[in-house]
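Listing of target_30.txt; format and content: compact mmCIF, C-alpha atoms.
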# COMPACT_ATOMS: atom_id res chain seq x y z
CA MET T 1 48.76 -31.17 64.20
CA LYS T 2 47.61 -34.75 63.70
CA PHE T 3 43.85 -35.25 63.45
CA THR T 4 41.40 -38.11 63.23
CA ILE T 5 37.99 -37.13 61.87
CA GLN T 6 34.75 -38.89 62.73
CA VAL T 7 31.81 -38.38 60.36
CA SER T 8 28.55 -39.32 62.06
CA GLU T 9 25.89 -38.16 59.60
CA GLY T 10 24.86 -38.98 56.06
CA PRO T 11 25.18 -36.76 52.95
CA TYR T 12 22.48 -34.35 51.75
CA THR T 13 20.52 -34.62 55.03
CA HIS T 14 22.93 -33.14 57.51
CA GLN T 15 25.51 -30.37 57.32
CA ALA T 16 27.94 -32.50 59.37
CA SER T 17 28.88 -34.46 56.27
CA ASP T 18 29.84 -31.28 54.35
CA SER T 19 31.55 -29.69 57.34
CA ALA T 20 33.71 -32.76 57.91
CA TYR T 21 34.87 -32.65 54.30
CA GLN T 22 35.53 -28.92 54.38
CA PHE T 23 37.44 -29.19 57.67
CA THR T 24 39.52 -32.09 56.39
CA ARG T 25 40.38 -30.29 53.15
CA ALA T 26 41.24 -27.06 54.97
CA ALA T 27 43.41 -28.89 57.49
CA LEU T 28 45.36 -30.62 54.71
CA GLU T 29 45.80 -27.32 52.84
CA LYS T 30 47.24 -25.79 56.01
CA GLY T 31 49.77 -28.61 56.22
CA HIS T 32 48.17 -30.60 59.04
CA GLU T 33 48.13 -34.37 59.04
CA ILE T 34 44.90 -36.36 58.82
CA PHE T 35 45.65 -39.74 60.39
CA ARG T 36 42.27 -41.17 59.44
CA VAL T 37 38.69 -40.28 58.54
CA PHE T 38 36.24 -42.65 60.20
CA PHE T 39 32.63 -42.97 59.01
CA TYR T 40 30.08 -44.07 61.60
CA HIS T 41 26.29 -44.04 62.15
CA ASP T 42 24.61 -42.72 58.96
CA GLY T 43 28.03 -41.32 58.05
CA VAL T 44 28.67 -44.62 56.26
CA ASN T 45 26.26 -43.39 53.56
CA ASN T 46 28.99 -40.99 52.43
CA ALA T 47 30.73 -44.04 50.99
CA THR T 48 28.27 -45.41 48.42
CA ARG T 49 29.34 -44.94 44.83
CA LEU T 50 25.70 -45.29 43.71
CA THR T 51 25.05 -41.75 44.92
CA THR T 52 23.66 -39.67 42.03
CA PRO T 53 22.88 -36.08 43.01
CA PRO T 54 21.40 -33.59 40.52
CA GLN T 55 24.06 -32.23 38.16
CA ASP T 56 24.00 -28.74 39.65
CA ASP T 57 24.69 -30.05 43.17
CA ARG T 58 27.95 -31.12 44.81
CA ASN T 59 28.82 -34.83 44.73
CA VAL T 60 29.67 -35.55 48.35
CA VAL T 61 30.92 -39.08 47.71
CA ASN T 62 33.14 -38.30 44.71
CA ARG T 63 34.52 -35.31 46.59
CA TRP T 64 35.78 -37.59 49.39
CA SER T 65 37.20 -40.09 46.87
CA GLU T 66 39.08 -37.32 45.04
CA LEU T 67 40.46 -35.88 48.29
CA ALA T 68 41.61 -39.35 49.33
CA ALA T 69 43.38 -39.93 46.01
CA GLU T 70 45.07 -36.54 46.16
CA HIS T 71 46.31 -36.81 49.75
CA ASN T 72 46.52 -40.57 50.25
CA LEU T 73 43.84 -40.30 52.95
CA ASP T 74 42.89 -43.33 55.03
CA MET T 75 39.06 -43.38 54.93
CA VAL T 76 37.51 -46.14 57.03
CA VAL T 77 33.85 -47.16 57.08
CA CYS T 78 32.65 -48.97 60.20
CA VAL T 79 31.74 -52.52 59.24
CA ALA T 80 28.87 -52.95 61.73
CA ALA T 81 27.28 -49.62 60.82
CA ALA T 82 27.82 -50.34 57.10
CA GLN T 83 26.21 -53.78 57.24
CA ARG T 84 23.10 -52.34 58.92
CA ARG T 85 22.77 -49.73 56.17
CA GLY T 86 23.65 -51.78 53.12
CA ILE T 87 27.14 -50.47 52.39
CA ALA T 88 29.46 -53.24 51.19
CA ASP T 89 32.68 -53.78 49.26
CA ALA T 90 33.07 -56.84 47.03
CA ASP T 91 34.45 -59.01 49.84
CA GLU T 92 31.73 -58.05 52.31
CA ALA T 93 29.01 -58.57 49.73
CA LYS T 94 30.32 -62.03 48.93
CA ARG T 95 30.72 -62.95 52.60
CA ASN T 96 27.12 -61.95 53.34
CA GLY T 97 25.67 -63.51 50.20
CA LYS T 98 24.66 -60.22 48.57
CA ASP T 99 24.38 -59.74 44.81
CA ALA T 100 25.95 -56.28 44.67
CA ASP T 101 28.51 -54.04 46.29
CA ASN T 102 28.68 -50.26 46.40
CA LEU T 103 31.77 -48.99 48.20
CA ALA T 104 33.23 -45.94 46.48
CA PRO T 105 36.97 -45.68 45.61
CA GLY T 106 39.27 -44.57 48.42
CA PHE T 107 37.12 -46.02 51.21
CA ARG T 108 37.81 -49.25 53.05
CA ILE T 109 35.62 -51.22 55.46
CA SER T 110 37.00 -52.10 58.88
CA GLY T 111 36.11 -52.25 62.57
CA LEU T 112 35.53 -49.77 65.37
CA GLY T 113 39.04 -50.48 66.62
CA GLN T 114 40.20 -48.18 63.82
CA LEU T 115 38.34 -45.30 65.46
CA ILE T 116 39.86 -46.05 68.86
CA GLU T 117 43.33 -46.33 67.30
CA GLY T 118 42.77 -43.02 65.52
CA ALA T 119 41.88 -41.34 68.81
CA ILE T 120 44.97 -42.80 70.48
CA GLN T 121 47.38 -41.93 67.66
CA SER T 122 46.10 -38.41 66.95
CA GLU T 123 46.40 -35.22 68.93
CA ARG T 124 42.76 -34.39 68.28
CA LEU T 125 39.69 -36.44 67.43
CA VAL T 126 37.12 -34.15 65.81
CA VAL T 127 33.55 -35.48 65.65
CA PHE T 128 31.12 -34.08 63.07
CA GLY T 129 27.52 -34.78 64.04
CA ASP T 130 24.79 -33.61 66.38
CA MET Q 1 49.83 -49.24 73.57
CA THR Q 2 49.39 -45.69 74.79
CA GLN Q 3 46.57 -45.39 77.28
CA LYS Q 4 44.34 -42.36 76.99
CA LYS Q 5 41.34 -41.19 78.96
CA PHE Q 6 38.21 -41.55 76.83
CA LEU Q 7 34.98 -39.82 77.80
CA TYR Q 8 31.80 -40.88 76.00
CA VAL Q 9 29.07 -38.26 76.25
CA ASN Q 10 25.62 -39.77 75.71
CA ARG Q 11 22.92 -37.19 75.13
CA LYS Q 12 20.12 -38.94 73.27
CA ALA Q 13 17.24 -41.22 74.23
CA PRO Q 14 17.96 -44.96 73.85
CA TYR Q 15 15.39 -45.50 71.09
CA GLY Q 16 14.16 -43.27 68.29
CA THR Q 17 17.67 -42.91 66.91
CA VAL Q 18 20.57 -45.36 66.73
CA TYR Q 19 23.13 -43.19 68.54
CA ALA Q 20 22.82 -44.82 71.98
CA LEU Q 21 23.22 -48.35 70.63
CA GLU Q 22 26.14 -47.48 68.37
CA SER Q 23 27.79 -45.48 71.15
CA LEU Q 24 27.69 -48.51 73.41
CA GLU Q 25 29.40 -50.53 70.68
CA VAL Q 26 32.29 -48.03 70.57
CA VAL Q 27 32.50 -48.02 74.38
CA LEU Q 28 32.91 -51.80 74.49
CA ILE Q 29 35.55 -51.80 71.73
CA GLY Q 30 37.41 -48.92 73.41
CA ALA Q 31 37.45 -50.79 76.71
CA ALA Q 32 38.76 -53.91 74.94
CA PHE Q 33 41.68 -51.74 73.74
CA GLU Q 34 42.52 -51.22 77.42
CA GLN Q 35 41.82 -47.53 77.33
CA ASP Q 36 40.64 -45.66 80.39
CA VAL Q 37 36.93 -45.34 79.65
CA ARG Q 38 34.38 -43.12 81.36
CA LEU Q 39 30.78 -42.47 80.40
CA LEU Q 40 28.67 -39.38 80.90
CA PHE Q 41 24.90 -39.36 80.50
CA MET Q 42 23.12 -36.05 80.16
CA ASP Q 43 20.02 -34.50 78.54
CA ASP Q 44 17.76 -37.30 77.16
CA GLY Q 45 20.78 -39.59 77.44
CA VAL Q 46 19.82 -40.28 81.07
CA PHE Q 47 16.92 -42.38 79.74
CA GLN Q 48 19.50 -44.86 78.42
CA LEU Q 49 20.14 -46.03 81.97
CA ALA Q 50 16.47 -46.19 83.01
CA LYS Q 51 15.63 -49.52 84.61
CA GLY Q 52 12.80 -51.77 83.49
CA GLN Q 53 13.01 -50.92 79.78
CA ASP Q 54 10.55 -52.86 77.62
CA THR Q 55 10.87 -52.45 73.87
CA ALA Q 56 8.44 -55.16 72.77
CA GLY Q 57 5.95 -52.57 71.51
CA ILE Q 58 8.41 -50.92 69.12
CA ASP Q 59 10.07 -54.07 67.75
CA ASN Q 60 13.54 -52.78 68.70
CA LYS Q 61 16.15 -54.81 70.53
CA ASN Q 62 16.32 -53.89 74.22
CA PHE Q 63 20.06 -53.41 74.62
CA SER Q 64 19.87 -51.90 78.12
CA PRO Q 65 21.05 -55.13 79.87
CA THR Q 66 24.45 -54.52 78.20
CA TYR Q 67 25.12 -51.57 80.52
CA SER Q 68 25.38 -53.97 83.45
CA ALA Q 69 28.32 -55.66 81.68
CA LEU Q 70 30.37 -52.44 81.67
CA GLY Q 71 31.85 -53.27 85.09
CA ASP Q 72 33.37 -56.44 83.61
CA TYR Q 73 35.04 -54.25 80.97
CA GLU Q 74 36.62 -52.22 83.78
CA VAL Q 75 34.38 -49.26 83.11
CA THR Q 76 33.99 -48.06 86.66
CA LYS Q 77 33.02 -44.42 86.27
CA ILE Q 78 29.60 -43.62 84.90
CA TYR Q 79 28.68 -40.00 85.39
CA VAL Q 80 25.04 -38.92 85.30
CA ASP Q 81 24.06 -35.25 85.14
CA LYS Q 82 21.87 -34.60 88.17
CA GLN Q 83 20.08 -31.67 86.57
CA SER Q 84 19.10 -33.72 83.50
CA LEU Q 85 17.56 -36.33 85.80
CA GLU Q 86 15.65 -33.71 87.77
CA GLU Q 87 14.38 -31.98 84.63
CA ARG Q 88 12.82 -35.32 83.64
CA GLY Q 89 11.30 -36.03 87.06
CA MET Q 90 13.79 -38.83 87.68
CA SER Q 91 16.20 -39.76 90.44
CA LEU Q 92 18.96 -42.30 90.97
CA ASP Q 93 16.28 -44.85 91.96
CA ASP Q 94 14.91 -44.81 88.41
CA LEU Q 95 18.24 -45.99 86.98
CA GLN Q 96 19.75 -49.45 86.76
CA HIS Q 97 22.01 -50.28 89.68
CA LEU Q 98 25.39 -50.54 87.96
CA VAL Q 99 28.38 -51.92 89.85
CA TRP Q 100 31.98 -52.96 89.33
CA GLU Q 101 34.12 -55.31 91.40
CA ASP Q 102 37.16 -53.87 93.18
CA GLU Q 103 40.09 -56.20 92.60
CA ASP Q 104 42.09 -54.47 95.34
CA ASP Q 105 39.41 -55.04 97.96
CA ASP Q 106 38.49 -58.72 97.66
CA TRP Q 107 36.23 -58.00 94.66
CA ALA Q 108 33.88 -55.87 96.71
CA GLU Q 109 31.02 -54.42 94.66
CA ARG Q 110 31.19 -50.68 94.13
CA ASP Q 111 28.63 -48.36 92.58
CA SER Q 112 29.60 -47.20 89.08
CA ILE Q 113 27.11 -44.35 88.79
CA VAL Q 114 28.21 -40.98 90.11
CA LEU Q 115 25.76 -38.07 90.09
CA VAL Q 116 27.46 -34.87 88.99
CA ASP Q 117 26.41 -31.27 88.50
CA ARG Q 118 27.14 -29.02 85.53
CA SER Q 119 30.28 -27.45 87.00
CA GLU Q 120 31.72 -30.91 87.62
CA ILE Q 121 30.95 -31.88 84.02
CA LYS Q 122 33.14 -29.03 82.83
CA GLU Q 123 36.03 -30.40 84.89
CA ILE Q 124 35.39 -33.98 83.76
CA MET Q 125 35.55 -32.91 80.11
CA GLU Q 126 38.79 -31.05 80.74
CA GLU Q 127 40.54 -33.98 82.44
CA ASN Q 128 39.88 -36.45 79.59
CA ASP Q 129 42.08 -36.78 76.49
CA VAL Q 130 39.38 -37.81 74.04
CA VAL Q 131 35.75 -36.74 74.20
CA LEU Q 132 33.28 -38.53 71.95
CA SER Q 133 29.74 -37.22 71.79
CA PHE Q 134 26.83 -39.41 70.80

Would you put the structure from the file into structure tokens?
Amino acid sequence: MKFTIQVSEGPYTHQASDSAYQFTRAALEKGHEIFRVFFYHDGVNNATRLTTPPQDDRNVVNRWSELAAEHNLDMVVCVAAAQRRGIADADEAKRNGKDADNLAPGFRISGLGQLIEGAIQSERLVVFGD
Amino acid sequence: MTQKKFLYVNRKAPYGTVYALESLEVVLIGAAFEQDVRLLFMDDGVFQLAKGQDTAGIDNKNFSPTYSALGDYEVTKIYVDKQSLEERGMSLDDLQHLVWEDEDDDWAERDSIVLVDRSEIKEIMEENDVVLSF
């Protein structure tokens, strides 16, 4: 089956972020297709490479980046939600006159249309959040 | 482009968390993609449609006027859970009067808000292709 995944909550605060990752990984292992993973609301905080958890804890951000590299996942961060929360790639940072960027590898920043397209193109849209 | 039926389920109060505002942003984008868009308000989500909102005291943008633009985006079905209203001591009169213009009837104004009960909500969820919960 073809899925699009929406991640609506940030890492280390809400189980939704872990569950989305675990679902996505399990679906890929079972041979399903993940059309796109879309990060919205505080979910955009899953995409900052400045995340530094304690060494004995999981690294939620690196885990997504590694999964993306392994499976050629399309991971999209909503631009409007990202701007509000200070998540930027080099282009976005430059465009908005910021002195730093923080988008982790494997993620890209784009618009909400990517979520709508994901819902249209996939058989199921699965939302992880409250 | 394929047209699907999108149902946006809004369950949270308009302020306090960002979900209502960011849900509305998806709704408007989805409508611009010419998808068939319906909205459902239940639980504290019914407060999103309350009329006379004034956010000056909390220094948040009052985005409630945007709901009246939904008709122009061809969003013509806005379901409100009757029980959620009643539980909060509210009725239809406490909500904004939302309308859309019927192209097939000389642009006559029609009410967008439809009060529904819980059994109808089950059917509404079943008849839509994509259900997004905010």

What are the nearest atom pairs, with distances in Å to one decimal, for all residues of chain T that come at most 12 Å from chain Q, using only C-alpha atoms, set out by chain and rising residue number as a tab-separated table?
residue	atom	partner	partner_atom	distance
T:Phe3	CA	Q:Val130	CA	11.8
T:Thr4	CA	Q:Val130	CA	11.0
T:Ile5	CA	Q:Leu132	CA	11.2
T:Gln6	CA	Q:Leu132	CA	9.3
T:Val7	CA	Q:Phe134	CA	11.6
T:Ser8	CA	Q:Phe134	CA	8.9
T:Glu9	CA	Q:Tyr19	CA	10.6
T:Tyr40	CA	Q:Glu22	CA	8.5
T:His41	CA	Q:Glu22	CA	7.1
T:Asp42	CA	Q:Val18	CA	9.1
T:Gly43	CA	Q:Tyr19	CA	11.7
T:Cys78	CA	Q:Val26	CA	10.4
T:Val79	CA	Q:Glu22	CA	11.8
T:Ala80	CA	Q:Glu22	CA	9.0
T:Ala81	CA	Q:Glu22	CA	7.9
T:Ala82	CA	Q:Glu22	CA	11.7
T:Arg84	CA	Q:Val18	CA	10.8
T:Arg85	CA	Q:Val18	CA	11.6
T:Gly111	CA	Q:Ile29	CA	9.2
T:Leu112	CA	Q:Val26	CA	6.4
T:Gly113	CA	Q:Ile29	CA	6.3
T:Gln114	CA	Q:Ile29	CA	9.9
T:Leu115	CA	Q:Val26	CA	8.4
T:Ile116	CA	Q:Gly30	CA	5.9
T:Glu117	CA	Q:Phe33	CA	8.6
T:Gly118	CA	Q:Val130	CA	10.5
T:Ala119	CA	Q:Val130	CA	6.8
T:Ile120	CA	Q:Lys4	CA	6.6
T:Gln121	CA	Q:Thr2	CA	8.3
T:Ser122	CA	Q:Val130	CA	9.8
T:Glu123	CA	Q:Asp129	CA	8.8
T:Arg124	CA	Q:Val130	CA	7.5
T:Leu125	CA	Q:Val130	CA	6.8
T:Val126	CA	Q:Leu132	CA	8.5
T:Val127	CA	Q:Leu132	CA	7.0
T:Phe128	CA	Q:Ser133	CA	9.4
T:Gly129	CA	Q:Phe134	CA	8.2
T:Asp130	CA	Q:Phe134	CA	7.6

Please measure the separation of CA of Pro105 (chain T) and CA of Glu66 (chain T), giving the value in Å to one decimal. 8.6 Å

From the set Q:Gly89, Q:Gly52, Q:Gly57, Q:Gly71, which residue has the shortest atom-to-atom contact distance to Asp111 (chain Q), counting only C-alpha atoms?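 Checking each of Q:Gly89, Q:Gly52, Q:Gly57, Q:Gly71 against Asp111 (chain Q), counting only C-alpha atoms, the winner is Q:Gly71.
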
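Separating CA of Gly16 (chain Q) from CA of Asn60 (chain Q) is a distance of 9.5 Å.
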
Atomic separation - CA of Phe38 (chain T) relative to CA of Arg108 (chain T), Å: 9.9 Å

Can you work out which one of T:Ala68, T:Lys2, T:Ala27, T:Gln22 has the shortest atom-to-atom distance to Ala47 (chain T), counting all atoms listed in the file?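 That would be T:Ala68, the residue with the smallest distance to Ala47 (chain T).
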
Would you mind telling me which residue in Q:His97, Q:Lys82, Q:Arg110, Q:Lys122 lies nearest to Met42 (chain Q) when using all atoms listed in the file?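 For Met42 (chain Q), the nearest of the candidates is Q:Lys82.
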
I need the residue nearest Asp89 (chain T) from this list: T:Thr48, T:Thr13, T:Asn62, T:Asn72. Use all atoms listed in the file for the distance. T:Thr48

Who sits within 10 Å of Ile78 (chain Q), all atoms listed in the file, same chain under 2 positions skipped, as a ChimeraX atom specification: /Q:7-8,37-41,70-71,75-76,80,98-99,111-116

So that I can see what lies close to Asn62 (chain Q), please list as a PDB file with C-alpha atoms, in the coordinates of the input the residues with an atom at most 10 Å from it, counting all atoms listed in the file and leaving out residues fewer than 6 positions away in the same chain.
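Output file selection33.pdb follows:
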ATOM      1  CA  PRO Q  14      17.960 -44.960  73.850  1.00  0.00           C
ATOM      2  CA  TYR Q  15      15.390 -45.500  71.090  1.00  0.00           C
ATOM      3  CA  LEU Q  21      23.220 -48.350  70.630  1.00  0.00           C
ATOM      4  CA  GLN Q  53      13.010 -50.920  79.780  1.00  0.00           C
ATOM      5  CA  ASP Q  54      10.550 -52.860  77.620  1.00  0.00           C
ATOM      6  CA  THR Q  55      10.870 -52.450  73.870  1.00  0.00           C
ATOM      7  CA  ALA Q  56       8.440 -55.160  72.770  1.00  0.00           C
TER       8      ALA Q  56
END

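Compared by their closest atoms to Tyr79 (chain Q), and using only C-alpha atoms, the residues Q:Leu49, Q:Glu109, Q:Pro65, Q:Ala13 rank with Q:Leu49 nearest.
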
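For the choices Q:Glu126, Q:Glu74, Q:Asp106, Q:Asp93, the atom-to-atom distance to Glu34 (chain Q) is smallest for Q:Glu74 when using only C-alpha atoms.
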
Once you've located region 56-71 of chain Q in the structure I gave, write it as a PDB file, in the first residue's frame, keeping N, CA and C atoms.
ATOM      1  N   ALA Q  56      -7.414  40.653  21.742  1.00  0.00           N
ATOM      2  CA  ALA Q  56      -6.505  41.747  22.119  1.00  0.00           C
ATOM      3  C   ALA Q  56      -5.787  41.440  23.438  1.00  0.00           C
ATOM      4  N   GLY Q  57      -6.494  40.844  24.387  1.00  0.00           N
ATOM      5  CA  GLY Q  57      -5.920  40.600  25.705  1.00  0.00           C
ATOM      6  C   GLY Q  57      -4.825  39.548  25.735  1.00  0.00           C
ATOM      7  N   ILE Q  58      -4.748  38.700  24.705  1.00  0.00           N
ATOM      8  CA  ILE Q  58      -3.723  37.643  24.720  1.00  0.00           C
ATOM      9  C   ILE Q  58      -2.647  37.863  23.648  1.00  0.00           C
ATOM     10  N   ASP Q  59      -2.710  38.998  22.963  1.00  0.00           N
ATOM     11  CA  ASP Q  59      -1.692  39.344  21.975  1.00  0.00           C
ATOM     12  C   ASP Q  59      -1.519  38.253  20.910  1.00  0.00           C
ATOM     13  N   ASN Q  60      -2.635  37.614  20.554  1.00  0.00           N
ATOM     14  CA  ASN Q  60      -2.635  36.636  19.452  1.00  0.00           C
ATOM     15  C   ASN Q  60      -3.457  37.220  18.325  1.00  0.00           C
ATOM     16  N   LYS Q  61      -3.102  36.847  17.084  1.00  0.00           N
ATOM     17  CA  LYS Q  61      -3.887  37.320  15.948  1.00  0.00           C
ATOM     18  C   LYS Q  61      -5.272  36.656  15.970  1.00  0.00           C
ATOM     19  N   ASN Q  62      -6.304  37.476  15.817  1.00  0.00           N
ATOM     20  CA  ASN Q  62      -7.657  36.930  15.696  1.00  0.00           C
ATOM     21  C   ASN Q  62      -7.869  36.504  14.250  1.00  0.00           C
ATOM     22  N   PHE Q  63      -7.785  35.186  14.020  1.00  0.00           N
ATOM     23  CA  PHE Q  63      -7.907  34.709  12.637  1.00  0.00           C
ATOM     24  C   PHE Q  63      -9.327  34.275  12.298  1.00  0.00           C
ATOM     25  N   SER Q  64     -10.268  34.478  13.233  1.00  0.00           N
ATOM     26  CA  SER Q  64     -11.626  33.968  12.999  1.00  0.00           C
ATOM     27  C   SER Q  64     -12.334  34.595  11.785  1.00  0.00           C
ATOM     28  N   PRO Q  65     -12.009  35.856  11.382  1.00  0.00           N
ATOM     29  CA  PRO Q  65     -12.668  36.373  10.174  1.00  0.00           C
ATOM     30  C   PRO Q  65     -12.389  35.520   8.928  1.00  0.00           C
ATOM     31  N   THR Q  66     -11.273  34.766   8.947  1.00  0.00           N
ATOM     32  CA  THR Q  66     -10.926  33.949   7.777  1.00  0.00           C
ATOM     33  C   THR Q  66     -11.993  32.899   7.469  1.00  0.00           C
ATOM     34  N   TYR Q  67     -12.690  32.420   8.517  1.00  0.00           N
ATOM     35  CA  TYR Q  67     -13.701  31.382   8.266  1.00  0.00           C
ATOM     36  C   TYR Q  67     -14.784  31.870   7.305  1.00  0.00           C
ATOM     37  N   SER Q  68     -15.056  33.193   7.338  1.00  0.00           N
ATOM     38  CA  SER Q  68     -16.112  33.702   6.458  1.00  0.00           C
ATOM     39  C   SER Q  68     -15.663  33.716   4.994  1.00  0.00           C
ATOM     40  N   ALA Q  69     -14.364  33.516   4.747  1.00  0.00           N
ATOM     41  CA  ALA Q  69     -13.871  33.453   3.367  1.00  0.00           C
ATOM     42  C   ALA Q  69     -14.001  32.049   2.778  1.00  0.00           C
ATOM     43  N   LEU Q  70     -14.318  31.062   3.618  1.00  0.00           N
ATOM     44  CA  LEU Q  70     -14.331  29.671   3.139  1.00  0.00           C
ATOM     45  C   LEU Q  70     -15.314  29.473   1.984  1.00  0.00           C
ATOM     46  N   GLY Q  71     -16.444  30.195   2.031  1.00  0.00           N
ATOM     47  CA  GLY Q  71     -17.429  30.093   0.951  1.00  0.00           C
ATOM     48  C   GLY Q  71     -16.827  30.444  -0.397  1.00  0.00           C
TER      49      GLY Q  71
END
